[in-house]
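Colleague: File final28.cif follows (mmCIF, C-alpha atoms and all ligand atoms):
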data_run
#
loop_
_atom_site.label_atom_id
_atom_site.label_comp_id
_atom_site.auth_asym_id
_atom_site.auth_seq_id
_atom_site.Cartn_x
_atom_site.Cartn_y
_atom_site.Cartn_z
CA MET A 6 19.76 7.05 -5.82
CA ARG A 7 18.54 5.97 -9.27
CA ARG A 8 16.48 8.39 -11.32
CA GLN A 9 12.78 7.72 -10.99
CA HIS A 10 10.30 8.48 -13.73
CA ALA A 11 6.99 10.13 -13.07
CA THR A 12 5.61 7.60 -15.54
CA ASP A 13 6.67 4.28 -14.05
CA ALA A 14 3.18 2.95 -13.36
CA ASP A 15 -0.21 2.83 -15.05
CA LEU A 16 -2.47 5.84 -14.76
CA THR A 17 -4.69 4.41 -11.99
CA LEU A 18 -1.72 3.65 -9.81
CA LEU A 19 -0.09 7.02 -10.47
CA TRP A 20 -3.39 8.66 -9.55
CA ALA A 21 -3.55 6.62 -6.34
CA ALA A 22 0.04 7.57 -5.50
CA ARG A 23 -0.81 11.26 -5.92
CA PHE A 24 -4.32 11.50 -4.49
CA GLY A 25 -5.17 8.18 -2.83
CA SER A 26 -4.84 6.74 0.68
CA SER A 27 -1.34 6.26 2.07
CA PRO A 28 -0.10 2.69 2.65
CA GLU A 29 0.45 3.57 6.31
CA SER A 30 -3.18 4.57 6.83
CA LYS A 31 -4.50 1.30 5.40
CA LEU A 32 -1.86 -1.33 6.23
CA ARG A 33 -0.65 -0.49 9.75
CA GLY A 34 -1.47 -3.37 12.10
CA LYS A 35 -2.70 -5.64 9.30
CA VAL A 36 -1.57 -9.26 9.11
CA VAL A 37 0.20 -9.73 5.78
CA TRP A 38 1.38 -13.15 4.56
CA ILE A 39 4.16 -12.83 1.99
CA THR A 40 5.40 -15.81 -0.03
CA GLY A 41 8.88 -15.50 -1.52
CA ALA A 42 9.91 -13.28 1.42
CA SER A 43 13.51 -14.52 1.52
CA SER A 44 14.80 -12.43 -1.39
CA GLY A 45 14.15 -9.64 -3.89
CA ILE A 46 10.69 -8.11 -4.06
CA GLY A 47 9.33 -10.25 -1.19
CA GLU A 48 12.20 -9.27 1.09
CA GLU A 49 11.67 -5.58 0.33
CA LEU A 50 7.92 -5.99 0.84
CA SER A 51 8.75 -7.34 4.30
CA TYR A 52 10.86 -4.29 5.16
CA GLN A 53 8.43 -1.68 3.86
CA LEU A 54 5.46 -3.40 5.51
CA ALA A 55 7.37 -3.73 8.78
CA ALA A 56 8.17 0.01 8.57
CA LEU A 57 4.43 0.68 8.25
CA GLY A 58 3.70 -1.39 11.36
CA ALA A 59 2.12 -4.38 9.62
CA ARG A 60 2.38 -7.82 11.23
CA LEU A 61 4.02 -10.38 8.98
CA VAL A 62 4.03 -14.03 8.03
CA LEU A 63 7.22 -14.66 6.07
CA SER A 64 7.30 -17.70 3.78
CA ALA A 65 9.75 -19.22 1.30
CA ARG A 66 11.76 -22.46 1.30
CA ARG A 67 14.92 -21.12 2.99
CA GLY A 68 14.11 -20.73 6.69
CA ASN A 69 17.55 -19.28 7.47
CA GLU A 70 17.03 -16.45 4.97
CA LEU A 71 13.58 -15.77 6.40
CA GLU A 72 15.13 -15.55 9.89
CA ARG A 73 17.63 -13.02 8.50
CA VAL A 74 14.78 -10.93 7.05
CA LYS A 75 12.91 -11.14 10.37
CA ARG A 76 16.01 -10.08 12.33
CA THR A 77 16.52 -7.11 10.02
CA CYS A 78 12.88 -6.07 10.45
CA LEU A 79 13.16 -6.27 14.24
CA GLU A 80 16.44 -4.34 14.27
CA ARG A 81 15.18 -1.56 12.02
CA PHE A 82 11.53 -1.18 12.96
CA SER A 83 9.49 -1.09 16.15
CA LEU A 84 7.91 -4.53 15.95
CA LYS A 85 7.88 -7.22 18.61
CA ASP A 86 9.16 -10.76 18.07
CA GLU A 87 5.60 -12.13 17.97
CA ASP A 88 4.64 -9.64 15.24
CA ILE A 89 6.63 -11.65 12.69
CA LEU A 90 6.04 -15.34 12.09
CA VAL A 91 8.65 -17.20 10.05
CA LEU A 92 6.72 -19.93 8.26
CA PRO A 93 8.91 -21.90 5.81
CA LEU A 94 6.83 -23.14 2.90
CA ASP A 95 7.48 -24.81 -0.43
CA LEU A 96 4.96 -23.67 -3.03
CA LEU A 97 5.46 -27.01 -4.80
CA ASP A 98 4.40 -28.97 -1.70
CA ARG A 99 0.69 -28.35 -2.12
CA GLY A 100 -0.17 -30.96 0.52
CA SER A 101 1.38 -28.72 3.19
CA HIS A 102 -0.52 -25.54 2.38
CA GLN A 103 -3.57 -26.27 4.54
CA GLU A 104 -1.40 -26.89 7.59
CA LYS A 105 0.70 -23.75 6.89
CA THR A 106 -2.42 -21.61 6.58
CA ALA A 107 -3.72 -23.06 9.87
CA ALA A 108 -0.38 -22.19 11.52
CA ALA A 109 -0.59 -18.57 10.33
CA LEU A 110 -4.19 -18.30 11.54
CA LYS A 111 -3.33 -19.91 14.87
CA HIS A 112 -0.56 -17.36 15.44
CA PHE A 113 -2.42 -14.20 14.39
CA GLY A 114 -6.11 -15.17 14.33
CA ASP A 115 -6.58 -13.47 10.95
CA ILE A 116 -4.93 -13.02 7.59
CA ASP A 117 -5.79 -9.59 6.21
CA VAL A 118 -3.57 -9.66 3.14
CA LEU A 119 -2.01 -12.55 1.22
CA ILE A 120 0.76 -11.53 -1.17
CA ASN A 121 1.50 -14.39 -3.58
CA ASN A 122 5.00 -13.38 -4.59
CA GLY A 123 7.20 -16.50 -4.66
CA GLY A 124 8.18 -17.63 -8.13
CA ARG A 125 10.92 -18.20 -10.70
CA THR A 126 11.55 -17.06 -14.24
CA GLN A 127 13.17 -18.68 -17.28
CA ARG A 128 16.14 -18.00 -19.53
CA SER A 129 16.01 -20.48 -22.40
CA LEU A 130 14.83 -20.83 -25.96
CA CYS A 131 11.71 -22.90 -26.53
CA THR A 132 13.58 -25.13 -28.97
CA GLU A 133 16.16 -26.01 -26.32
CA ALA A 134 14.05 -26.21 -23.13
CA ASP A 135 12.81 -29.55 -21.75
CA VAL A 136 9.07 -29.89 -21.28
CA ASP A 137 9.95 -30.59 -17.63
CA VAL A 138 10.97 -26.93 -17.34
CA TYR A 139 7.54 -25.86 -18.60
CA GLN A 140 5.87 -28.16 -16.10
CA ALA A 141 8.01 -26.83 -13.24
CA LEU A 142 7.13 -23.23 -14.11
CA MET A 143 3.42 -24.02 -14.12
CA GLU A 144 3.65 -26.02 -10.90
CA LEU A 145 5.45 -23.21 -9.10
CA ASN A 146 4.16 -19.93 -10.50
CA TYR A 147 0.61 -21.03 -11.28
CA LEU A 148 -0.46 -24.06 -9.24
CA GLY A 149 1.54 -23.14 -6.12
CA THR A 150 -0.12 -19.72 -6.14
CA VAL A 151 -3.57 -21.18 -6.76
CA SER A 152 -3.06 -23.69 -3.95
CA VAL A 153 -2.15 -21.13 -1.26
CA THR A 154 -4.94 -18.83 -2.46
CA LYS A 155 -7.50 -21.64 -2.16
CA GLN A 156 -6.47 -22.17 1.45
CA VAL A 157 -6.70 -18.50 2.43
CA LEU A 158 -9.80 -17.52 0.45
CA PRO A 159 -12.40 -19.39 2.61
CA HIS A 160 -11.07 -17.54 5.67
CA MET A 161 -11.49 -14.18 3.90
CA ILE A 162 -14.97 -15.17 2.70
CA ARG A 163 -15.97 -16.09 6.27
CA ARG A 164 -14.92 -12.70 7.59
CA GLY A 165 -16.08 -10.89 4.43
CA SER A 166 -12.87 -8.95 3.84
CA GLY A 167 -9.26 -9.21 2.76
CA ILE A 168 -6.82 -8.66 -0.06
CA ILE A 169 -5.29 -11.38 -2.19
CA ALA A 170 -2.48 -9.77 -4.15
CA THR A 171 -0.37 -11.68 -6.63
CA VAL A 172 2.91 -10.61 -8.15
CA SER A 173 2.34 -11.55 -11.76
CA SER A 174 4.44 -9.70 -14.33
CA VAL A 175 4.22 -7.65 -17.47
CA SER A 176 4.82 -11.13 -18.96
CA GLY A 177 1.33 -11.94 -17.63
CA PHE A 178 -0.14 -10.13 -20.62
CA VAL A 179 2.69 -9.57 -23.12
CA GLY A 180 5.01 -12.07 -24.81
CA VAL A 181 8.68 -12.24 -23.80
CA PRO A 182 11.31 -14.17 -25.78
CA LEU A 183 13.51 -16.56 -23.75
CA ALA A 184 10.64 -16.87 -21.26
CA THR A 185 7.90 -18.75 -23.13
CA GLY A 186 7.12 -20.99 -20.13
CA TYR A 187 7.37 -18.17 -17.62
CA ALA A 188 5.07 -15.92 -19.66
CA ALA A 189 2.62 -18.82 -20.02
CA SER A 190 2.60 -19.39 -16.26
CA LYS A 191 2.00 -15.70 -15.57
CA HIS A 192 -0.73 -15.55 -18.24
CA ALA A 193 -2.34 -18.45 -16.38
CA VAL A 194 -2.07 -16.53 -13.12
CA GLN A 195 -3.75 -13.50 -14.70
CA GLY A 196 -6.53 -15.62 -16.20
CA PHE A 197 -7.18 -17.31 -12.85
CA PHE A 198 -7.34 -14.12 -10.81
CA ASN A 199 -9.27 -12.10 -13.40
CA SER A 200 -11.93 -14.83 -13.34
CA LEU A 201 -11.86 -15.25 -9.56
CA ARG A 202 -12.31 -11.49 -9.07
CA THR A 203 -15.66 -11.62 -10.81
CA GLU A 204 -16.71 -14.74 -8.90
CA LEU A 205 -16.29 -12.70 -5.72
CA THR A 206 -18.52 -9.76 -6.58
CA ASP A 207 -20.81 -10.77 -3.67
CA TYR A 208 -17.90 -9.88 -1.39
CA PRO A 209 -17.12 -6.23 -2.15
CA ASN A 210 -14.58 -6.04 0.68
CA ILE A 211 -12.43 -8.82 -0.75
CA THR A 212 -9.99 -7.42 -3.29
CA ILE A 213 -8.13 -9.49 -5.87
CA SER A 214 -5.13 -7.52 -7.00
CA THR A 215 -2.61 -8.47 -9.67
CA ILE A 216 0.73 -6.71 -9.76
CA CYS A 217 2.51 -6.61 -13.09
CA PRO A 218 6.09 -5.37 -12.77
CA GLY A 219 8.50 -4.94 -15.61
CA PRO A 220 12.20 -5.61 -14.92
CA VAL A 221 13.06 -5.05 -11.24
CA ILE A 222 16.34 -5.55 -9.41
CA SER A 223 16.28 -8.89 -7.53
CA SER A 224 17.83 -12.36 -7.69
CA ILE A 225 15.30 -13.53 -10.26
CA VAL A 226 17.77 -14.03 -13.11
CA GLN A 227 20.28 -15.95 -10.93
CA ASN A 228 17.41 -18.24 -9.92
CA ALA A 229 15.92 -18.67 -13.39
CA PHE A 230 15.15 -22.02 -14.96
CA THR A 231 17.25 -22.71 -18.05
CA GLU A 232 16.96 -25.50 -20.64
CA GLU A 233 17.15 -28.25 -18.03
CA LEU A 234 15.57 -28.45 -14.60
CA ASP A 235 18.74 -28.40 -12.53
CA LYS A 236 21.01 -26.39 -14.81
CA PRO A 237 21.83 -22.96 -13.31
CA VAL A 238 22.09 -19.78 -15.40
CA ALA A 239 25.68 -19.02 -16.39
CA THR A 240 25.49 -15.49 -14.98
CA ALA A 241 22.85 -12.96 -14.04
CA GLY A 242 24.43 -10.32 -16.28
CA ASP A 243 23.84 -6.62 -15.88
CA GLN A 244 20.89 -5.70 -13.63
CA THR A 245 21.51 -1.96 -13.37
CA HIS A 246 18.98 -0.86 -15.98
CA LYS A 247 16.13 -2.34 -13.95
CA MET A 248 13.69 -0.51 -11.67
CA SER A 249 14.77 -0.34 -8.03
CA THR A 250 13.16 -2.91 -5.76
CA GLU A 251 12.25 -0.15 -3.32
CA ARG A 252 10.29 1.82 -5.92
CA CYS A 253 8.47 -1.28 -7.18
CA VAL A 254 7.45 -2.24 -3.65
CA HIS A 255 6.42 1.31 -2.74
CA LEU A 256 4.09 1.47 -5.73
CA THR A 257 2.76 -2.00 -4.91
CA LEU A 258 1.84 -0.92 -1.39
CA VAL A 259 0.18 2.25 -2.71
CA GLY A 260 -1.86 0.00 -4.99
CA LEU A 261 -2.84 -2.32 -2.14
CA ALA A 262 -3.79 0.58 0.12
CA ASN A 263 -6.11 1.83 -2.60
CA ARG A 264 -7.34 -1.63 -3.61
CA VAL A 265 -6.13 -1.25 -7.20
CA LYS A 266 -7.15 -4.40 -9.07
CA GLU A 267 -4.35 -4.49 -11.64
CA MET A 268 -1.09 -2.57 -11.42
CA TRP A 269 1.47 -2.04 -14.12
CA ILE A 270 4.78 -1.04 -12.58
CA ALA A 271 7.58 -0.50 -15.08
CA GLU A 272 10.01 2.07 -16.30
CA GLN A 273 10.05 3.12 -19.93
CA PRO A 274 10.07 1.72 -22.53
CA PHE A 275 8.37 -1.25 -20.82
CA LEU A 276 5.39 0.78 -19.60
CA LEU A 277 4.81 2.09 -23.11
CA PHE A 278 4.77 -1.51 -24.31
CA CYS A 279 2.00 -2.34 -21.84
CA TYR A 280 -0.18 0.34 -23.36
CA LEU A 281 0.71 -0.67 -26.92
CA TRP A 282 -0.18 -4.31 -26.19
CA GLN A 283 -3.55 -3.20 -24.84
CA TYR A 284 -4.49 -0.66 -27.48
CA THR A 285 -2.48 -1.31 -30.66
CA PRO A 286 -1.46 -4.98 -30.73
CA THR A 287 -0.28 -4.86 -34.34
CA LEU A 288 2.18 -2.06 -33.59
CA ALA A 289 3.17 -3.83 -30.37
CA TRP A 290 3.97 -7.00 -32.33
CA TYR A 291 6.06 -5.01 -34.80
CA LEU A 292 8.17 -3.39 -32.08
CA THR A 293 8.32 -6.52 -29.92
CA ASN A 294 9.73 -8.49 -32.81
CA ILE A 295 12.45 -5.90 -33.45
CA LEU A 296 13.55 -5.78 -29.79
CA GLY A 297 12.93 -9.45 -29.19
CA LYS A 298 15.05 -10.45 -32.16
CA LYS A 299 17.99 -8.53 -30.74
CA ARG A 300 17.46 -10.17 -27.35
CA VAL A 301 17.47 -13.66 -28.86
CA GLN A 302 20.54 -12.87 -30.97
CA ASN A 303 22.40 -11.65 -27.87
CA PHE A 304 21.38 -14.75 -25.94
CA LYS A 305 22.53 -17.07 -28.73
CA ALA A 306 25.85 -15.22 -28.87
CA GLY A 307 26.33 -15.71 -25.11
CA LEU A 308 25.86 -12.00 -24.42
CA ASP A 309 23.78 -10.39 -21.70
CA ALA A 310 20.24 -10.71 -23.06
CA ASP A 311 18.77 -8.46 -20.38
CA SER A 312 20.64 -5.37 -21.46
CA ALA A 313 19.73 -5.98 -25.10
CA TYR A 314 17.26 -3.09 -25.12
CA PHE A 315 19.86 -0.59 -24.11
CA SER A 316 22.76 1.05 -25.84
CA LYS A 317 25.31 0.17 -23.14
CA PRO A 318 28.26 -1.98 -24.23
CA LYS A 319 27.30 -5.66 -24.05
CA VAL A 320 29.05 -7.83 -21.47
CA LYS A 321 30.34 -11.21 -22.59
CA THR A 322 28.96 -13.66 -20.03
CA ASN A 323 30.86 -16.85 -20.68
N1 LIG B 1 12.41 -9.10 -10.64
C1 LIG B 1 11.70 -8.92 -11.74
O1 LIG B 1 12.18 -8.35 -12.74
C2 LIG B 1 10.26 -9.37 -11.78
C3 LIG B 1 9.43 -8.84 -12.77
C4 LIG B 1 8.12 -9.25 -12.81
C5 LIG B 1 7.62 -10.15 -11.90
N2 LIG B 1 8.45 -10.66 -10.95
C6 LIG B 1 7.90 -11.64 -10.00
O2 LIG B 1 8.23 -11.23 -8.69
C7 LIG B 1 8.19 -12.35 -7.82
C8 LIG B 1 9.39 -12.31 -6.89
O3 LIG B 1 10.56 -12.50 -7.65
P1 LIG B 1 11.91 -11.69 -7.39
O4 LIG B 1 12.14 -10.87 -8.58
O5 LIG B 1 11.91 -11.05 -6.07
O6 LIG B 1 12.97 -12.90 -7.46
P2 LIG B 1 13.88 -13.58 -6.33
O7 LIG B 1 14.75 -12.56 -5.71
O8 LIG B 1 14.52 -14.74 -7.01
O9 LIG B 1 12.83 -14.09 -5.26
C9 LIG B 1 12.03 -15.22 -5.50
C10 LIG B 1 11.42 -15.69 -4.21
O10 LIG B 1 10.60 -16.85 -4.50
C11 LIG B 1 10.90 -17.87 -3.56
N3 LIG B 1 10.66 -19.20 -4.12
C12 LIG B 1 11.23 -19.76 -5.20
N4 LIG B 1 10.82 -21.04 -5.33
C13 LIG B 1 9.97 -21.28 -4.30
C14 LIG B 1 9.24 -22.41 -3.86
N5 LIG B 1 9.27 -23.58 -4.51
N6 LIG B 1 8.47 -22.30 -2.76
C15 LIG B 1 8.42 -21.13 -2.07
N7 LIG B 1 9.08 -20.04 -2.42
C16 LIG B 1 9.86 -20.10 -3.53
C17 LIG B 1 12.38 -17.65 -3.22
O11 LIG B 1 12.68 -18.16 -1.94
P3 LIG B 1 13.39 -19.57 -1.62
O12 LIG B 1 14.43 -19.79 -2.65
O13 LIG B 1 13.94 -19.36 -0.24
O14 LIG B 1 12.27 -20.57 -1.65
C18 LIG B 1 12.45 -16.14 -3.20
O15 LIG B 1 12.10 -15.65 -1.93
C19 LIG B 1 8.13 -13.57 -8.73
O16 LIG B 1 6.81 -14.08 -8.76
C20 LIG B 1 8.49 -13.03 -10.10
O17 LIG B 1 7.93 -13.77 -11.13
C21 LIG B 1 9.76 -10.28 -10.86
#
Can I see the file as structure tokens?
Modeller:
Amino acid sequence: MRRQHATDADLTLLWAARFGSSPESKLRGKVVWITGASSGIGEELSYQLAALGARLVLSARRGNELERVKRTCLERFSLKDEDILVLPLDLLDRGSHQEKTAAALKHFGDIDVLINNGGRTQRSLCTEADVDVYQALMELNYLGTVSVTKQVLPHMIRRGSGIIATVSSVSGFVGVPLATGYAASKHAVQGFFNSLRTELTDYPNITISTICPGPVISSIVQNAFTEELDKPVATAGDQTHKMSTERCVHLTLVGLANRVKEMWIAEQPFLLFCYLWQYTPTLAWYLTNILGKKRVQNFKAGLDADSAYFSKPKVKTN
């Protein structure tokens, strides 16, 4: 098992993990709709929520992968077939989101928690990336998330309770080279939900939660946008320095159980950067530029940009 730091989350979340309610006590039996459930963080959310006894709506584009995740949940945990609804959904197909929400409500009657998790990142320099890539990132990460949220929110307002949790990113409030469009889309997500949270102060039992992970093991780099819409990344490179998916999801569920409004989940030095960006932006810019420069240089040289922050030997990727 990978080493875990005692300091891999912000202070509120660490406090909740130590002294707060357990995910099991708050999430057992709840209906949780997860987008992006076919892989990575969403897949692990499905497993940990199934282990807690939550009932699940699993969404992503690939129905066969969702069926695999459902089968695994049923094999490993004591849920019944009807406790998990596979609901294929394309976040880009906004016209379908009303009908998908109705299908989830028809099956379970309620949606207690929506986890907006589906999304893609970017690996390309601004000077080389088509504007189409920027549009696609906004359509998927921002508008797709807004669209599903707008379908589920009226239901939560009617019943006066619920959690809308969104997997943003540390890139939702810091800048990340090679991901200008991704960071912009996640900044948009943060701006939307931070504003929505305050619009909902008449509904104290509706929680808007944004989850800001640093690097986490998943398929996100393989699936990243590059310079052109349909051009795949050459290789995902080394992922081993990243936080384990299990740990990220565990902390996320602790945060949801304790209705934490914004969670920073990252190993060092990324967590330190979050604090520097909040409290000492000038110092943060200085350090970001040093590390970011190395990352861009590695990328331009065809090396593994993701391990640029670490002293491991660099892997030639093409
Ligand atoms: N891993 C990290 O380091 C990291 C860090 C910070 C934030 N995040 C965020 O975490 C979330 C999950 O990413 P991940 O790391 O788990 O990556 P991942 O393994 O690539 O999973 C991405 C998920 O999004 C779904 N998806 C992609 N396009 C979609 C579309 N058009 N409609 C519906 N679903 C779509 C994918 O399913 P289909 O292909 O089947 O549609 C997949 O289930 C993302 O929002 C990402 O920005 C990740």
Colleague: Can you tell me which residues come within 7 Å of ligand LIG 1 (chain B) when counting only C-alpha atoms and all ligand atoms, ideally as a PyMOL selection string?
Modeller: chain A and resi 40-47+64-67+70+94-97+122-126+145-146+172-175+217-226+228
Colleague: Extract, using only C-alpha atoms, all DNA, RNA and protein residues at most 9 Å from A:Pro28, discarding same-chain residues fewer than 3 positions from it, and format them as a PDB file with C-alpha atoms, in the coordinates of the input.
Modeller:
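And here's selection24.pdb as it stands now:
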ATOM      1  CA  LYS A  31      -4.500   1.300   5.400  1.00  0.00           C
ATOM      2  CA  LEU A  32      -1.860  -1.330   6.230  1.00  0.00           C
ATOM      3  CA  ARG A  33      -0.650  -0.490   9.750  1.00  0.00           C
ATOM      4  CA  LEU A  54       5.460  -3.400   5.510  1.00  0.00           C
ATOM      5  CA  LEU A  57       4.430   0.680   8.250  1.00  0.00           C
ATOM      6  CA  HIS A 255       6.420   1.310  -2.740  1.00  0.00           C
ATOM      7  CA  LEU A 258       1.840  -0.920  -1.390  1.00  0.00           C
ATOM      8  CA  VAL A 259       0.180   2.250  -2.710  1.00  0.00           C
ATOM      9  CA  GLY A 260      -1.860   0.000  -4.990  1.00  0.00           C
ATOM     10  CA  LEU A 261      -2.840  -2.320  -2.140  1.00  0.00           C
ATOM     11  CA  ALA A 262      -3.790   0.580   0.120  1.00  0.00           C
ATOM     12  CA  ASN A 263      -6.110   1.830  -2.600  1.00  0.00           C
TER      13      ASN A 263
END
Colleague: Ranking A:Leu119, A:Ala108, A:Ala134, A:Val265 by minimum distance to A:Gly25 and counting only C-alpha atoms, which one comes first?
Modeller: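 Smallest distance to A:Gly25 is found for A:Val265.
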Colleague: Of the candidates A:Val254, A:Leu281, A:Val238, A:Val194, which shows the shortest atom-to-atom distance to A:Tyr52, using all atoms listed in the file?
Modeller: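 The answer is A:Val254, which sits nearest to A:Tyr52.
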Colleague: Could you give me, as a PDB file with C-alpha atoms, in the frame of the given file, the residues within 7 Å of A:Ser176, counting all atoms listed in the file and dropping anything in the same chain fewer than 4 positions from it?
Modeller:
ATOM      1  CA  GLY A 180       5.010 -12.070 -24.810  1.00  0.00           C
ATOM      2  CA  VAL A 181       8.680 -12.240 -23.800  1.00  0.00           C
ATOM      3  CA  ALA A 188       5.070 -15.920 -19.660  1.00  0.00           C
ATOM      4  CA  LYS A 191       2.000 -15.700 -15.570  1.00  0.00           C
TER       5      LYS A 191
END
Colleague: Take atom CA of A:Leu61 and atom CA of A:Ala21 and report the distance between them in Å, one decimal.
Modeller: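 One can read the atom CA of A:Leu61 to atom CA of A:Ala21 distance as 24.1 Å.
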Colleague: Just how far from atom CA of A:Gly242 is atom CA of A:Asp311, in Å to one decimal?
Modeller: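 Separation of atom CA of A:Asp311 and atom CA of A:Gly242: 7.2 Å.
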Colleague: Just checking: using all atoms listed in the file, which residue out of A:Ala55, A:Ile120, A:Lys155, A:Glu29 ends up closest to A:Arg81?
Modeller: A:Ala55
Colleague: For a quick check of understanding, using all atoms listed in the file, which of A:Arg73, A:Arg128, A:Lys247, A:Arg202 has the smallest distance to A:Leu158?
Modeller: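 Among A:Arg73, A:Arg128, A:Lys247, A:Arg202, it is A:Arg202 that comes nearest to A:Leu158.
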Colleague: For A:Asp137, find every residue with an atom within 10 Å (counting all atoms listed in the file), except residues of its own chain fewer than 5 positions away, and show them as number ranges by chain.
Modeller: A: 142-143, 232-234
Colleague: Under the rule that all atoms listed in the file are counted, which of A:Ile270, A:Phe278, A:Ser190, A:Tyr284 is the nearest residue to A:Leu296?
Modeller: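 Closest candidate: A:Phe278.
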Colleague: Nearest to A:Ile89: which of A:Val36, A:Leu276, A:Val136, A:Ala271 is it, counting only C-alpha atoms?
Modeller: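 Of A:Val36, A:Leu276, A:Val136, A:Ala271, the one nearest A:Ile89 is A:Val36, counting only C-alpha atoms.
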Colleague: Return the padded bounding box of stretch 290-296 of chain A as lines of an AutoDock Vina configuration file: axis-aligned, built from all atoms listed in the file, 5 Å added on each side, with centre and edge lengths in Å to one decimal.
Modeller:
center_x = 8.8
center_y = -5.9
center_z = -32.3
size_x = 19.6
size_y = 15.1
size_z = 15.0
Colleague: Using Å and a single decimal, report how far atom CA of A:Leu63 sits from atom CA of A:Ile39.
Modeller: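 So the two atoms, atom CA of A:Ile39 and atom CA of A:Leu63, lie 5.4 Å apart.
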Colleague: For the interface of stretch 96-191 of chain A with stretch 197-201 of chain A (cut-off 10 Å, counting all atoms listed in the file), please tabulate each contacting residue of stretch 96-191 of chain A alongside its nearest pair of atoms and their separation in Å to one decimal, rows sorted by chain and increasing number, as CSV.
Modeller:
residue,atom,partner,partner_atom,distance
A:Tyr147,CA,A:Phe197,CA,8.8
A:Val151,CA,A:Phe197,CA,8.1
A:Thr154,CA,A:Phe198,CA,9.9
A:Ile169,CA,A:Phe198,CA,9.3
A:Ala170,CA,A:Phe198,CA,9.3
A:Thr171,CA,A:Phe198,CA,8.5
A:Lys191,CA,A:Phe197,CA,9.7
